[in-house]
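query_11.pdb follows (PDB, C-alpha atoms):
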ATOM      1  CA  MET A   1     -62.727 -37.208 -43.823
ATOM      2  CA  ALA A   2     -59.566 -38.819 -42.397
ATOM      3  CA  GLN A   3     -61.213 -38.791 -38.961
ATOM      4  CA  GLY A   4     -64.733 -39.517 -40.180
ATOM      5  CA  GLU A   5     -66.944 -42.273 -38.848
ATOM      6  CA  GLY A   6     -66.979 -44.319 -42.058
ATOM      7  CA  GLU A   7     -63.987 -46.636 -41.764
ATOM      8  CA  SER A   8     -63.523 -47.384 -45.480
ATOM      9  CA  ASP A   9     -63.848 -43.733 -46.521
ATOM     10  CA  ALA A  10     -61.478 -42.699 -43.743
ATOM     11  CA  VAL A  11     -58.845 -45.227 -44.769
ATOM     12  CA  LEU A  12     -59.006 -43.983 -48.378
ATOM     13  CA  ALA A  13     -58.732 -40.346 -47.244
ATOM     14  CA  VAL A  14     -55.726 -41.158 -45.054
ATOM     15  CA  ARG A  15     -53.981 -42.949 -47.920
ATOM     16  CA  GLN A  16     -54.551 -40.006 -50.281
ATOM     17  CA  LEU A  17     -53.299 -37.560 -47.670
ATOM     18  CA  GLN A  18     -50.160 -39.600 -47.019
ATOM     19  CA  ASP A  19     -49.482 -39.843 -50.771
ATOM     20  CA  ARG A  20     -50.208 -36.252 -51.798
ATOM     21  CA  TYR A  21     -49.055 -34.053 -48.952
ATOM     22  CA  PRO A  22     -45.326 -35.055 -49.099
ATOM     23  CA  LEU A  23     -45.224 -34.158 -52.821
ATOM     24  CA  TRP A  24     -46.798 -30.761 -52.177
ATOM     25  CA  TYR A  25     -44.537 -30.203 -49.167
ATOM     26  CA  SER A  26     -41.337 -30.917 -51.111
ATOM     27  CA  ALA A  27     -42.376 -28.677 -53.993
ATOM     28  CA  SER A  28     -43.289 -25.871 -51.603
ATOM     29  CA  LEU A  29     -39.948 -25.987 -49.776
ATOM     30  CA  SER A  30     -38.074 -25.379 -53.019
ATOM     31  CA  SER A  31     -39.894 -22.076 -53.541
ATOM     32  CA  LEU A  32     -39.174 -20.589 -50.099
ATOM     33  CA  SER A  33     -36.317 -18.443 -48.844
ATOM     34  CA  ASP A  34     -34.292 -19.632 -45.847
ATOM     35  CA  ASP A  35     -36.228 -17.613 -43.256
ATOM     36  CA  LEU A  36     -39.651 -18.730 -44.524
ATOM     37  CA  ARG A  37     -38.471 -22.313 -45.062
ATOM     38  CA  GLY A  38     -37.630 -22.682 -41.371
ATOM     39  CA  GLN A  39     -41.104 -21.519 -40.353
ATOM     40  CA  PHE A  40     -42.692 -23.770 -42.969
ATOM     41  CA  ILE A  41     -40.798 -26.826 -41.702
ATOM     42  CA  GLU A  42     -41.769 -26.062 -38.114
ATOM     43  CA  GLN A  43     -45.450 -26.311 -39.028
ATOM     44  CA  PHE A  44     -44.732 -29.794 -40.386
ATOM     45  CA  GLU A  45     -42.280 -31.315 -37.938
ATOM     46  CA  ALA A  46     -43.229 -29.420 -34.751
ATOM     47  CA  ARG A  47     -40.780 -27.984 -32.275
ATOM     48  CA  TYR A  48     -42.453 -29.899 -29.438
ATOM     49  CA  PRO A  49     -44.139 -32.911 -31.057
ATOM     50  CA  ASN A  50     -45.166 -34.526 -27.776
ATOM     51  CA  THR A  51     -47.114 -31.531 -26.502
ATOM     52  CA  SER A  52     -47.907 -29.621 -29.716
ATOM     53  CA  PRO A  53     -48.042 -32.117 -32.600
ATOM     54  CA  ARG A  54     -48.174 -30.778 -36.133
ATOM     55  CA  ILE A  55     -48.795 -32.109 -39.627
ATOM     56  CA  LYS A  56     -46.108 -34.821 -39.548
ATOM     57  CA  GLN A  57     -47.621 -36.443 -36.478
ATOM     58  CA  PHE A  58     -51.179 -36.070 -37.765
ATOM     59  CA  ILE A  59     -50.424 -37.666 -41.146
ATOM     60  CA  ALA A  60     -48.565 -40.542 -39.524
ATOM     61  CA  TYR A  61     -51.388 -41.358 -37.072
ATOM     62  CA  PRO A  62     -54.606 -39.498 -38.012
ATOM     63  CA  ARG A  63     -56.849 -42.177 -36.506
ATOM     64  CA  LYS A  64     -54.836 -43.099 -33.440
ATOM     65  CA  PRO A  65     -57.263 -43.117 -30.464
ATOM     66  CA  TRP A  66     -56.576 -40.823 -27.551
ATOM     67  CA  ALA A  67     -55.756 -43.169 -24.703
ATOM     68  CA  LEU A  68     -56.924 -40.706 -22.038
ATOM     69  CA  TYR A  69     -60.188 -39.735 -23.741
ATOM     70  CA  ASN A  70     -62.405 -41.578 -21.270
ATOM     71  CA  SER A  71     -60.390 -40.438 -18.260
ATOM     72  CA  VAL A  72     -60.286 -36.654 -18.647
ATOM     73  CA  PRO A  73     -63.051 -34.151 -17.803
ATOM     74  CA  ARG A  74     -65.504 -33.205 -20.539
ATOM     75  CA  PHE A  75     -64.057 -29.709 -21.040
ATOM     76  CA  LEU A  76     -60.745 -31.279 -22.130
ATOM     77  CA  LYS A  77     -62.388 -33.349 -24.871
ATOM     78  CA  SER A  78     -63.021 -30.490 -27.289
ATOM     79  CA  HIS A  79     -60.572 -31.762 -29.919
ATOM     80  CA  GLY A  80     -62.289 -35.151 -30.140
ATOM     81  CA  ARG A  81     -61.404 -38.748 -29.420
ATOM     82  CA  TRP A  82     -58.287 -38.884 -31.563
ATOM     83  CA  GLN A  83     -54.731 -38.463 -30.329
ATOM     84  CA  HIS A  84     -54.009 -35.711 -32.857
ATOM     85  CA  SER A  85     -56.646 -33.022 -33.342
ATOM     86  CA  LEU A  86     -57.632 -32.342 -36.959
ATOM     87  CA  LYS A  87     -57.915 -28.609 -36.304
ATOM     88  CA  GLN A  88     -54.855 -28.031 -34.127
ATOM     89  CA  SER A  89     -52.488 -30.588 -35.654
ATOM     90  CA  TYR A  90     -53.409 -30.249 -39.329
ATOM     91  CA  GLU A  91     -55.782 -27.467 -40.392
ATOM     92  CA  GLU A  92     -54.213 -24.587 -38.441
ATOM     93  CA  PRO A  93     -50.583 -25.477 -39.372
ATOM     94  CA  LEU A  94     -51.665 -25.944 -42.996
ATOM     95  CA  LEU A  95     -53.206 -22.467 -43.046
ATOM     96  CA  GLU A  96     -49.945 -21.049 -41.716
ATOM     97  CA  GLN A  97     -48.019 -22.868 -44.439
ATOM     98  CA  ARG A  98     -50.368 -21.358 -47.005
ATOM     99  CA  ARG A  99     -49.755 -17.897 -45.559
ATOM    100  CA  LEU A 100     -45.994 -18.414 -45.824
ATOM    101  CA  LEU A 101     -46.334 -19.408 -49.485
ATOM    102  CA  LEU A 102     -48.398 -16.291 -50.177
ATOM    103  CA  GLU A 103     -45.739 -14.189 -48.463
ATOM    104  CA  ALA A 104     -43.075 -15.786 -50.663
ATOM    105  CA  LYS A 105     -45.187 -15.038 -53.736
ATOM    106  CA  GLY A 106     -45.532 -11.400 -52.672
ATOM    107  CA  ARG A 107     -41.789 -11.066 -52.240
ATOM    108  CA  LEU A 108     -41.229 -12.059 -55.867
ATOM    109  CA  ALA A 109     -42.914  -8.828 -56.918
ATOM    110  CA  ILE A 110     -40.647  -6.695 -54.699
ATOM    111  CA  ASN A 111     -37.429  -5.257 -56.061
ATOM    112  CA  PRO A 112     -34.685  -7.543 -54.634
ATOM    113  CA  GLU A 113     -32.527  -4.556 -53.656
ATOM    114  CA  VAL A 114     -35.439  -2.999 -51.754
ATOM    115  CA  HIS A 115     -36.078  -6.333 -50.040
ATOM    116  CA  ASP A 116     -32.400  -6.579 -49.028
ATOM    117  CA  THR A 117     -32.502  -3.056 -47.567
ATOM    118  CA  MET A 118     -35.616  -3.907 -45.564
ATOM    119  CA  ASN A 119     -33.870  -6.972 -44.124
ATOM    120  CA  GLN A 120     -30.757  -4.916 -43.331
ATOM    121  CA  LEU A 121     -32.814  -2.321 -41.461
ATOM    122  CA  THR A 122     -34.775  -4.994 -39.611
ATOM    123  CA  GLU A 123     -31.599  -6.646 -38.337
ATOM    124  CA  LEU A 124     -30.151  -3.260 -37.409
ATOM    125  CA  PHE A 125     -33.196  -2.170 -35.420
ATOM    126  CA  ARG A 126     -33.360  -5.449 -33.502
ATOM    127  CA  ARG A 127     -29.963  -4.550 -32.040
ATOM    128  CA  LEU A 128     -31.084  -1.078 -31.000
ATOM    129  CA  PRO A 129     -32.024  -1.701 -27.309
ATOM    130  CA  PRO A 130     -28.643  -3.141 -26.181
ATOM    131  CA  ALA A 131     -26.801  -0.428 -28.131
ATOM    132  CA  LEU A 132     -28.850   2.319 -26.451
ATOM    133  CA  ALA A 133     -28.318   0.685 -23.049
ATOM    134  CA  ILE A 134     -24.548   0.925 -23.535
ATOM    135  CA  MET A 135     -24.713   4.617 -24.462
ATOM    136  CA  GLU A 136     -27.083   5.455 -21.592
ATOM    137  CA  ARG A 137     -24.990   3.658 -18.970
ATOM    138  CA  PRO A 138     -23.249   6.043 -16.511
ATOM    139  CA  ASN A 139     -19.471   6.005 -16.420
ATOM    140  CA  ARG A 140     -16.874   7.058 -13.858
ATOM    141  CA  ARG A 141     -16.922  10.647 -15.085
ATOM    142  CA  GLY A 142     -20.656  11.123 -14.917
ATOM    143  CA  PRO A 143     -23.839  10.269 -16.831
ATOM    144  CA  GLY A 144     -23.963   8.252 -20.014
ATOM    145  CA  LEU A 145     -23.397   9.645 -23.489
ATOM    146  CA  ILE A 146     -27.106   9.931 -24.279
ATOM    147  CA  THR A 147     -30.541   9.938 -22.711
ATOM    148  CA  VAL A 148     -33.463   8.713 -24.791
ATOM    149  CA  SER A 149     -36.371  10.493 -23.171
ATOM    150  CA  ASP A 150     -38.681  10.971 -26.150
ATOM    151  CA  GLU A 151     -39.184  10.348 -29.861
ATOM    152  CA  TYR A 152     -37.016  13.307 -30.867
ATOM    153  CA  ASP A 153     -34.022  11.817 -29.035
ATOM    154  CA  LEU A 154     -34.694   8.511 -30.781
ATOM    155  CA  GLN A 155     -34.863  10.148 -34.219
ATOM    156  CA  LYS A 156     -31.566  11.952 -33.680
ATOM    157  CA  ILE A 157     -29.823   8.702 -32.741
ATOM    158  CA  LEU A 158     -31.365   6.845 -35.677
ATOM    159  CA  HIS A 159     -30.249   9.571 -38.050
ATOM    160  CA  ALA A 160     -26.654   9.039 -36.934
ATOM    161  CA  VAL A 161     -26.980   5.250 -37.114
ATOM    162  CA  LEU A 162     -28.475   5.353 -40.605
ATOM    163  CA  ARG A 163     -25.658   7.604 -41.827
ATOM    164  CA  LEU A 164     -23.193   4.917 -40.748
ATOM    165  CA  HIS A 165     -24.828   2.469 -43.151
ATOM    166  CA  PHE A 166     -26.313   4.541 -45.985
ATOM    167  CA  ASP A 167     -24.924   7.355 -48.102
ATOM    168  CA  ASP A 168     -28.027   9.470 -48.708
ATOM    169  CA  VAL A 169     -30.335   9.830 -45.699
ATOM    170  CA  GLU A 170     -32.931  12.558 -46.019
ATOM    171  CA  PRO A 171     -34.542  13.545 -42.692
ATOM    172  CA  GLU A 172     -38.175  14.680 -42.405
ATOM    173  CA  GLU A 173     -39.313  14.125 -45.959
ATOM    174  CA  THR A 174     -42.714  15.700 -46.728
ATOM    175  CA  THR A 175     -45.085  13.719 -48.928
ATOM    176  CA  PRO A 176     -48.455  14.912 -50.277
ATOM    177  CA  ARG A 177     -51.573  13.491 -48.727
ATOM    178  CA  ARG A 178     -54.287  12.215 -51.014
ATOM    179  CA  ALA A 179     -57.050  14.115 -49.231
ATOM    180  CA  GLY A 180     -55.069  17.291 -48.578
ATOM    181  CA  GLY A 181     -52.380  18.112 -46.043
ATOM    182  CA  SER A 182     -49.168  16.138 -45.913
ATOM    183  CA  TYR A 183     -47.330  13.321 -44.149
ATOM    184  CA  ARG A 184     -43.939  13.753 -42.554
ATOM    185  CA  ILE A 185     -41.666  10.759 -43.048
ATOM    186  CA  ASP A 186     -38.905  10.655 -40.451
ATOM    187  CA  PHE A 187     -36.271   9.533 -42.961
ATOM    188  CA  VAL A 188     -35.998   8.479 -46.583
ATOM    189  CA  LEU A 189     -33.061   6.469 -47.876
ATOM    190  CA  ARG A 190     -33.026   8.080 -51.298
ATOM    191  CA  GLN A 191     -30.875   5.627 -53.215
ATOM    192  CA  GLU A 192     -32.718   2.624 -51.758
ATOM    193  CA  GLN A 193     -36.180   4.321 -51.861
ATOM    194  CA  VAL A 194     -37.055   3.077 -48.390
ATOM    195  CA  ALA A 195     -38.888   5.226 -45.849
ATOM    196  CA  VAL A 196     -38.006   4.847 -42.166
ATOM    197  CA  GLU A 197     -40.355   5.726 -39.318
ATOM    198  CA  ALA A 198     -39.320   5.871 -35.659
ATOM    199  CA  LYS A 199     -41.824   5.774 -32.807
ATOM    200  CA  MET A 200     -41.397   5.502 -29.059
ATOM    201  CA  THR A 201     -44.036   4.300 -26.634
ATOM    202  CA  ARG A 202     -45.128   6.428 -23.682
ATOM    203  CA  PRO A 203     -48.108   6.445 -21.295
ATOM    204  CA  SER A 204     -50.348   8.060 -23.929
ATOM    205  CA  LEU A 205     -48.949   6.073 -26.852
ATOM    206  CA  GLY A 206     -49.377   2.324 -26.581
ATOM    207  CA  ALA A 207     -49.944  -0.518 -29.022
ATOM    208  CA  LYS A 208     -53.414   0.620 -30.112
ATOM    209  CA  GLU A 209     -52.367   4.192 -30.874
ATOM    210  CA  ILE A 210     -49.160   3.191 -32.666
ATOM    211  CA  ARG A 211     -50.997   0.625 -34.773
ATOM    212  CA  SER A 212     -53.422   3.334 -35.866
ATOM    213  CA  GLN A 213     -50.551   5.677 -36.737
ATOM    214  CA  LEU A 214     -48.782   2.998 -38.766
ATOM    215  CA  ILE A 215     -51.912   2.197 -40.749
ATOM    216  CA  ASP A 216     -52.285   5.907 -41.549
ATOM    217  CA  ASP A 217     -48.621   6.000 -42.590
ATOM    218  CA  MET A 218     -49.065   2.997 -44.875
ATOM    219  CA  PHE A 219     -51.934   4.641 -46.724
ATOM    220  CA  GLY A 220     -50.171   8.001 -46.795
ATOM    221  CA  TYR A 221     -46.934   6.682 -48.310
ATOM    222  CA  ARG A 222     -48.586   4.344 -50.818
ATOM    223  CA  GLY A 223     -47.901   5.431 -54.369
ATOM    224  CA  GLN A 224     -45.200   7.993 -53.508
ATOM    225  CA  ALA A 225     -42.665   8.145 -56.325
ATOM    226  CA  ASN A 226     -39.608   8.070 -54.041
ATOM    227  CA  VAL A 227     -40.893   5.483 -51.530
ATOM    228  CA  ALA A 228     -40.878   1.810 -52.530
ATOM    229  CA  ALA A 229     -41.092   0.365 -49.000
ATOM    230  CA  LEU A 230     -41.591   1.341 -45.360
ATOM    231  CA  VAL A 231     -39.653   0.130 -42.321
ATOM    232  CA  ALA A 232     -40.808   1.269 -38.878
ATOM    233  CA  VAL A 233     -38.982   0.825 -35.599
ATOM    234  CA  ILE A 234     -40.930   1.138 -32.356
ATOM    235  CA  TYR A 235     -38.730   1.680 -29.330
ATOM    236  CA  ASP A 236     -40.595   0.276 -26.342
ATOM    237  CA  PRO A 237     -38.252   0.683 -23.341
ATOM    238  CA  THR A 238     -40.925  -0.013 -20.714
ATOM    239  CA  ARG A 239     -42.580  -2.893 -22.622
ATOM    240  CA  ARG A 240     -45.995  -1.351 -23.118
ATOM    241  CA  ILE A 241     -46.605  -3.651 -26.100
ATOM    242  CA  ASP A 242     -47.554  -7.010 -24.573
ATOM    243  CA  ASN A 243     -47.177  -9.160 -27.690
ATOM    244  CA  PRO A 244     -44.458  -7.655 -29.903
ATOM    245  CA  ALA A 245     -44.276 -10.643 -32.265
ATOM    246  CA  GLY A 246     -48.025 -10.550 -32.831
ATOM    247  CA  PHE A 247     -47.956  -6.780 -33.297
ATOM    248  CA  GLU A 248     -45.280  -7.086 -35.990
ATOM    249  CA  HIS A 249     -47.089  -9.953 -37.691
ATOM    250  CA  ASP A 250     -50.338  -7.969 -37.914
ATOM    251  CA  ILE A 251     -48.694  -4.969 -39.625
ATOM    252  CA  ASN A 252     -46.025  -6.572 -41.805
ATOM    253  CA  THR A 253     -46.970  -7.029 -45.442
ATOM    254  CA  ASP A 254     -45.365  -7.961 -48.746
ATOM    255  CA  ASP A 255     -47.859  -5.946 -50.765
ATOM    256  CA  PRO A 256     -45.836  -5.006 -53.905
ATOM    257  CA  GLU A 257     -47.302  -1.497 -53.840
ATOM    258  CA  LEU A 258     -45.841  -0.838 -50.387
ATOM    259  CA  PRO A 259     -44.104  -3.663 -48.518
ATOM    260  CA  VAL A 260     -43.851  -2.926 -44.790
ATOM    261  CA  ARG A 261     -41.673  -4.202 -41.967
ATOM    262  CA  VAL A 262     -42.174  -3.294 -38.314
ATOM    263  CA  VAL A 263     -39.658  -3.930 -35.540
ATOM    264  CA  VAL A 264     -40.703  -3.630 -31.896
ATOM    265  CA  ALA A 265     -37.414  -2.962 -30.085
ATOM    266  CA  GLN A 266     -38.037  -3.508 -26.380
ATOM    267  CA  GLY A 267     -35.698  -2.454 -23.604
TER     268      GLY A 267
END

How does the structure come out when it is put into structure tokens?
Amino acid sequence: MAQGEGESDAVLAVRQLQDRYPLWYSASLSSLSDDLRGQFIEQFEARYPNTSPRIKQFIAYPRKPWALYNSVPRFLKSHGRWQHSLKQSYEEPLLEQRRLLLEAKGRLAINPEVHDTMNQLTELFRRLPPALAIMERPNRRGPGLITVSDEYDLQKILHAVLRLHFDDVEPEETTPRRAGGSYRIDFVLRQEQVAVEAKMTRPSLGAKEIRSQLIDDMFGYRGQANVAALVAVIYDPTRRIDNPAGFEHDINTDDPELPVRVVVAQG
């Protein structure tokens, strides 16, 4: 409506948007944690307002004509004759803000201690590649302290790392499967009730295969009495996962029944 053809209706819509959105924005910020608040603000203010305008720029000038509209080829005119595209500058950022609010709502249903443990593990696993690089580096007396050649090597290292931070780390926990058989969880932090999975990419195990495994894990661990959350680290030394941020975003969830965090740790 703000970019509609009817001038009077458009002016009214713009005025309502400029009056109402700031109130909603301020109220929303107060309900978000620091990490989500930063992402929420970025959808409003834009990191690069000149090249990728967001809601702030759209609301300020929703009907500002695009000066180059008549000069550019037709295929560049898809977002219309206005300087700030309704879809790209307002609707898409607004949907992302809505998603962030839903994530914040989901977190409220998660035990705060479990949530803190998930964050601690996430930060720890993000530091894994440089730590492994130090231990693999040759020294004057010969080869490095370790060689991470497969998933078993990775699990052994993670077991030692987890024991540095947590008192009760149970390796290879077996959980019953709903349709028979069982799942093998790499580790369970018993006091924190957080399951930890470690995976390592290889020629036969890329993003598609790991995603499928993680989805199976999520359904397998759901409802287990001693598992309140799942954190998975994927060690990707040769960068077989092209879009690690997107991969994490697709799997991560704040579902109160089984919140999940995935870290793609690339070498």

Quick one: everything within 12 Å of segment 86-89 of chain A, counting only C-alpha atoms, minus sequence neighbours fewer than 6 positions away in the same chain. Send it as a ChimeraX atom specification.
/A:1-4,42-46,48-64,78-80,95-96

For Gln120 of chain A, work out the shell of residues within 12 Å, counting all atoms listed in the file and skipping chain neighbours fewer than 4 positions away, then give it as a PyMOL selection string.
chain A and resi 113-116+124-127+162+165-166+192+194+231+261+263

Who sits within 8 Å of Val196 of chain A, only C-alpha atoms, same chain under 3 positions skipped, as a list of chain:residue names
A:Ile185, A:Asp186, A:Phe187, A:Val188, A:Leu189, A:Leu230, A:Val231, A:Ala232, A:Val233

Emit the selected residues as a tab-separated table (two decimals), in the coordinates of the input, including C-alpha atoms.
chain	number	residue	atom	x	y	z
A	185	ILE	CA	-41.67	10.76	-43.05
A	186	ASP	CA	-38.90	10.66	-40.45
A	187	PHE	CA	-36.27	9.53	-42.96
A	188	VAL	CA	-36.00	8.48	-46.58
A	189	LEU	CA	-33.06	6.47	-47.88
A	230	LEU	CA	-41.59	1.34	-45.36
A	231	VAL	CA	-39.65	0.13	-42.32
A	232	ALA	CA	-40.81	1.27	-38.88
A	233	VAL	CA	-38.98	0.82	-35.60

Take atom CA of Gly206 of chain A and atom CA of Leu128 of chain A and report the distance between them in Å, one decimal.
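According to the coordinates, atom CA of Gly206 of chain A and atom CA of Leu128 of chain A are separated by 19.1 Å.
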
Would you mind reading off the distance between atom CA of Ala67 of chain A and atom CA of Ile41 of chain A, one decimal, in Å?
27.9 Å

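Minimum atom-to-atom distances from A:Ala195, A:Leu94, A:Val262, A:Leu17 to Pro244 of chain A were compared using all atoms listed in the file, and the lowest value belongs to A:Val262.
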
Provide segment 133-147 of chain A rebuilt to N, CA, C and O atoms, formatted as a CSV table (one decimal), keeping the file's coordinate frame.
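Okay, result.csv is ready:
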chain,number,residue,atom,x,y,z
A,133,ALA,N,-28.6,0.9,-24.5
A,133,ALA,CA,-28.3,0.7,-23.0
A,133,ALA,C,-26.9,1.0,-22.8
A,133,ALA,O,-26.5,1.5,-21.7
A,134,ILE,N,-26.0,0.6,-23.7
A,134,ILE,CA,-24.5,0.9,-23.5
A,134,ILE,C,-24.3,2.4,-23.5
A,134,ILE,O,-23.6,2.9,-22.6
A,135,MET,N,-24.9,3.2,-24.4
A,135,MET,CA,-24.7,4.6,-24.5
A,135,MET,C,-25.4,5.4,-23.3
A,135,MET,O,-24.9,6.4,-22.9
A,136,GLU,N,-26.4,4.8,-22.7
A,136,GLU,CA,-27.1,5.5,-21.6
A,136,GLU,C,-26.4,5.1,-20.3
A,136,GLU,O,-26.6,5.8,-19.3
A,137,ARG,N,-25.6,4.1,-20.2
A,137,ARG,CA,-25.0,3.7,-19.0
A,137,ARG,C,-24.0,4.7,-18.4
A,137,ARG,O,-23.1,5.2,-19.1
A,138,PRO,N,-24.2,5.1,-17.1
A,138,PRO,CA,-23.2,6.0,-16.5
A,138,PRO,C,-21.8,5.5,-16.5
A,138,PRO,O,-21.6,4.3,-16.4
A,139,ASN,N,-20.9,6.4,-16.5
A,139,ASN,CA,-19.5,6.0,-16.4
A,139,ASN,C,-18.8,6.7,-15.2
A,139,ASN,O,-19.5,7.5,-14.5
A,140,ARG,N,-17.6,6.5,-15.0
A,140,ARG,CA,-16.9,7.1,-13.9
A,140,ARG,C,-16.9,8.6,-13.8
A,140,ARG,O,-16.8,9.2,-12.8
A,141,ARG,N,-17.0,9.2,-15.0
A,141,ARG,CA,-16.9,10.6,-15.1
A,141,ARG,C,-18.3,11.3,-15.0
A,141,ARG,O,-18.4,12.5,-15.1
A,142,GLY,N,-19.3,10.5,-15.0
A,142,GLY,CA,-20.7,11.1,-14.9
A,142,GLY,C,-21.7,10.3,-15.7
A,142,GLY,O,-21.6,9.1,-15.8
A,143,PRO,N,-22.7,11.0,-16.2
A,143,PRO,CA,-23.8,10.3,-16.8
A,143,PRO,C,-23.4,9.7,-18.2
A,143,PRO,O,-22.3,10.0,-18.7
A,144,GLY,N,-24.3,8.9,-18.7
A,144,GLY,CA,-24.0,8.3,-20.0
A,144,GLY,C,-23.9,9.2,-21.2
A,144,GLY,O,-24.2,10.5,-21.0
A,145,LEU,N,-23.5,8.8,-22.3
A,145,LEU,CA,-23.4,9.6,-23.5
A,145,LEU,C,-24.7,10.2,-24.0
A,145,LEU,O,-24.8,11.3,-24.5
A,146,ILE,N,-25.8,9.5,-23.8
A,146,ILE,CA,-27.1,9.9,-24.3
A,146,ILE,C,-28.2,9.6,-23.3
A,146,ILE,O,-28.0,8.8,-22.3
A,147,THR,N,-29.3,10.3,-23.4
A,147,THR,CA,-30.5,9.9,-22.7
A,147,THR,C,-31.7,9.9,-23.7
A,147,THR,O,-31.9,10.9,-24.4
